[in-house]
Amino acid sequence: MRLILFVLLFISFTGNAQWKSFILNRSGDTLNRVDMNGKKQGPWTISVPDLRGERGYEEEGYFENDVKEGIWKRFSLEGVKIAQENYRWGKLNGRQQYFTFFGGLMREENWRAIDPANQFDTVAVYDLKDPTKVLDYVVVKNEGVAMKHGKWTYYDPREGTIEATEFYVMNKLQTDDGSMINDDDIKPLSVSSGKTSQTDTVAAKKTVKPQAILDYEKKNSGKKKIKVRDGNTGGNKPEPMPEPVP
């Protein structure tokens, strides 16, 4: 009996000798492994407590050479799933889902991570009305961050219905005609809806004169300039009457 116990302890020790630190769960599995080079490896659980009004959470997933890899799930401290994210090279990649603390789906995002070994990446821009049609190709520099890329969907978390959709191409919002809008040109979120729509983010068009004014200017072109009222009430003050001579 003692020999069997010794063999089991020896196997456990030699099996974990490659880890600088780790923890054991109730099933005896090793979690939160740190290898001899100080890098996180394998399955991990992370717990964040409530802090200064921010609700705490727990997340679980895998580390590969100190960066997140694959599917990571986040739960409220009550056990409700509030997020499911996908990682590649430690950056968001693919579809991400975010839920309320009651479990209702709020939005789905799509991101694209670039291989750190590549300096640039090239992606196709598809027609929103015909996904099989390529409108253009975009070349972006690898700046070490994930980029918004693909369809973003916003939901009513209570009804489950879609409230708004957006399409991004490497951090640029795509409009119906295939043109792109930089993040710096996107207007603030609408107060009423709490979301940004494509119509909200398109720059205001140049004001066009009514046809009646265009016809009037054409008819009187070349003639003595005629002062026309333009609706401004602050620039046409009458001259004051002269003081009477005593």
# chains A, B, ... in the order shown; residues from 1 in each chain; ligands from 1
call {"tool": "residues_around", "arguments": {"residues": "stretch 103-114 of chain A", "least_positions_apart": "4", "cutoff": "10 Å", "atoms": "only C-alpha atoms", "output": "PyMOL selection string"}}
result
chain A and resi 75-76+80-99+118-122+140-171
call {"tool": "write_last_selection", "arguments": {"atoms": "C-alpha atoms", "output": "PDB file, in the first residue's frame"}}
result
ATOM      1  CA  PHE A  75     -19.217  34.987 -16.112  1.00  0.00           C
ATOM      2  CA  SER A  76     -20.756  37.236 -13.503  1.00  0.00           C
ATOM      3  CA  VAL A  80     -24.332  34.110 -15.574  1.00  0.00           C
ATOM      4  CA  LYS A  81     -22.355  34.156 -18.843  1.00  0.00           C
ATOM      5  CA  ILE A  82     -21.773  37.775 -19.862  1.00  0.00           C
ATOM      6  CA  ALA A  83     -19.255  37.343 -22.706  1.00  0.00           C
ATOM      7  CA  GLN A  84     -17.717  34.816 -25.061  1.00  0.00           C
ATOM      8  CA  GLU A  85     -14.630  35.945 -26.934  1.00  0.00           C
ATOM      9  CA  ASN A  86     -12.279  34.354 -29.468  1.00  0.00           C
ATOM     10  CA  TYR A  87      -8.555  35.080 -29.466  1.00  0.00           C
ATOM     11  CA  ARG A  88      -5.671  34.566 -31.885  1.00  0.00           C
ATOM     12  CA  TRP A  89      -2.122  35.633 -31.076  1.00  0.00           C
ATOM     13  CA  GLY A  90      -3.505  37.240 -27.915  1.00  0.00           C
ATOM     14  CA  LYS A  91      -5.888  39.505 -29.852  1.00  0.00           C
ATOM     15  CA  LEU A  92      -9.617  39.394 -30.556  1.00  0.00           C
ATOM     16  CA  ASN A  93     -10.326  37.411 -33.699  1.00  0.00           C
ATOM     17  CA  GLY A  94     -13.626  36.284 -35.196  1.00  0.00           C
ATOM     18  CA  ARG A  95     -17.035  36.543 -33.537  1.00  0.00           C
ATOM     19  CA  GLN A  96     -17.495  37.933 -30.038  1.00  0.00           C
ATOM     20  CA  GLN A  97     -20.729  37.889 -28.038  1.00  0.00           C
ATOM     21  CA  TYR A  98     -21.691  40.104 -25.096  1.00  0.00           C
ATOM     22  CA  PHE A  99     -24.630  39.586 -22.756  1.00  0.00           C
ATOM     23  CA  ASN A 118       3.373  39.737 -41.030  1.00  0.00           C
ATOM     24  CA  GLN A 119       4.033  43.438 -41.479  1.00  0.00           C
ATOM     25  CA  PHE A 120       0.937  43.983 -43.645  1.00  0.00           C
ATOM     26  CA  ASP A 121      -2.383  42.276 -44.314  1.00  0.00           C
ATOM     27  CA  THR A 122      -4.691  42.442 -47.334  1.00  0.00           C
ATOM     28  CA  VAL A 140      -3.327  47.661 -43.752  1.00  0.00           C
ATOM     29  CA  LYS A 141      -0.171  47.859 -41.668  1.00  0.00           C
ATOM     30  CA  ASN A 142       0.159  45.509 -38.728  1.00  0.00           C
ATOM     31  CA  GLU A 143       0.179  47.756 -35.658  1.00  0.00           C
ATOM     32  CA  GLY A 144      -0.164  44.934 -33.163  1.00  0.00           C
ATOM     33  CA  VAL A 145      -3.866  45.396 -32.439  1.00  0.00           C
ATOM     34  CA  ALA A 146      -7.037  43.630 -33.506  1.00  0.00           C
ATOM     35  CA  MET A 147      -9.296  45.502 -35.922  1.00  0.00           C
ATOM     36  CA  LYS A 148     -13.058  45.669 -36.299  1.00  0.00           C
ATOM     37  CA  HIS A 149     -13.768  43.561 -39.354  1.00  0.00           C
ATOM     38  CA  GLY A 150     -17.103  42.160 -40.440  1.00  0.00           C
ATOM     39  CA  LYS A 151     -20.687  42.490 -39.289  1.00  0.00           C
ATOM     40  CA  TRP A 152     -21.628  44.050 -35.954  1.00  0.00           C
ATOM     41  CA  THR A 153     -25.156  43.352 -34.727  1.00  0.00           C
ATOM     42  CA  TYR A 154     -26.953  45.109 -31.876  1.00  0.00           C
ATOM     43  CA  TYR A 155     -29.880  43.375 -30.155  1.00  0.00           C
ATOM     44  CA  ASP A 156     -32.696  44.233 -27.818  1.00  0.00           C
ATOM     45  CA  PRO A 157     -31.601  42.006 -24.905  1.00  0.00           C
ATOM     46  CA  ARG A 158     -35.186  41.529 -23.720  1.00  0.00           C
ATOM     47  CA  GLU A 159     -36.889  40.754 -27.027  1.00  0.00           C
ATOM     48  CA  GLY A 160     -33.915  39.253 -28.861  1.00  0.00           C
ATOM     49  CA  THR A 161     -34.691  41.316 -31.963  1.00  0.00           C
ATOM     50  CA  ILE A 162     -32.052  43.081 -34.075  1.00  0.00           C
ATOM     51  CA  GLU A 163     -31.948  46.844 -33.528  1.00  0.00           C
ATOM     52  CA  ALA A 164     -29.052  47.845 -35.777  1.00  0.00           C
ATOM     53  CA  THR A 165     -26.228  46.435 -37.903  1.00  0.00           C
ATOM     54  CA  GLU A 166     -22.897  47.832 -39.036  1.00  0.00           C
ATOM     55  CA  PHE A 167     -20.188  46.517 -41.373  1.00  0.00           C
ATOM     56  CA  TYR A 168     -16.514  47.203 -40.762  1.00  0.00           C
ATOM     57  CA  VAL A 169     -13.458  46.694 -42.951  1.00  0.00           C
ATOM     58  CA  MET A 170     -10.294  46.850 -40.863  1.00  0.00           C
ATOM     59  CA  ASN A 171     -11.586  49.464 -38.402  1.00  0.00           C
TER      60      ASN A 171
END
call {"tool": "residues_around", "arguments": {"residues": "A:Glu59", "least_positions_apart": "6", "cutoff": "7 Å", "atoms": "only C-alpha atoms", "output": "list in words"}}
result
Thr45, Ile46, Ser47, Trp72, Lys73, Arg74 and Phe75 of chain A
call {"tool": "decode", "arguments": {"residues": "stretch 124-158 of chain A", "atoms": "C-alpha atoms", "output": "JSON list (two decimals), in the first residue's frame"}}
result
[["chain", "number", "residue", "atom", "x", "y", "z"],
["A", 124, "ALA", "CA", -11.27, 42.12, -49.70],
["A", 125, "VAL", "CA", -14.13, 44.63, -49.51],
["A", 126, "TYR", "CA", -17.42, 42.98, -50.46],
["A", 127, "ASP", "CA", -20.64, 44.52, -51.75],
["A", 128, "LEU", "CA", -23.12, 44.67, -48.88],
["A", 129, "LYS", "CA", -25.99, 43.91, -51.27],
["A", 130, "ASP", "CA", -24.10, 41.10, -53.05],
["A", 131, "PRO", "CA", -21.59, 39.36, -50.73],
["A", 132, "THR", "CA", -20.12, 37.44, -53.69],
["A", 133, "LYS", "CA", -18.98, 40.68, -55.37],
["A", 134, "VAL", "CA", -15.58, 42.14, -54.43],
["A", 135, "LEU", "CA", -15.51, 45.93, -54.64],
["A", 136, "ASP", "CA", -11.90, 46.55, -53.67],
["A", 137, "TYR", "CA", -8.93, 45.34, -51.66],
["A", 138, "VAL", "CA", -7.57, 47.06, -48.56],
["A", 139, "VAL", "CA", -3.96, 46.81, -47.42],
["A", 140, "VAL", "CA", -3.33, 47.66, -43.75],
["A", 141, "LYS", "CA", -0.17, 47.86, -41.67],
["A", 142, "ASN", "CA", 0.16, 45.51, -38.73],
["A", 143, "GLU", "CA", 0.18, 47.76, -35.66],
["A", 144, "GLY", "CA", -0.16, 44.93, -33.16],
["A", 145, "VAL", "CA", -3.87, 45.40, -32.44],
["A", 146, "ALA", "CA", -7.04, 43.63, -33.51],
["A", 147, "MET", "CA", -9.30, 45.50, -35.92],
["A", 148, "LYS", "CA", -13.06, 45.67, -36.30],
["A", 149, "HIS", "CA", -13.77, 43.56, -39.35],
["A", 150, "GLY", "CA", -17.10, 42.16, -40.44],
["A", 151, "LYS", "CA", -20.69, 42.49, -39.29],
["A", 152, "TRP", "CA", -21.63, 44.05, -35.95],
["A", 153, "THR", "CA", -25.16, 43.35, -34.73],
["A", 154, "TYR", "CA", -26.95, 45.11, -31.88],
["A", 155, "TYR", "CA", -29.88, 43.38, -30.15],
["A", 156, "ASP", "CA", -32.70, 44.23, -27.82],
["A", 157, "PRO", "CA", -31.60, 42.01, -24.90],
["A", 158, "ARG", "CA", -35.19, 41.53, -23.72]]
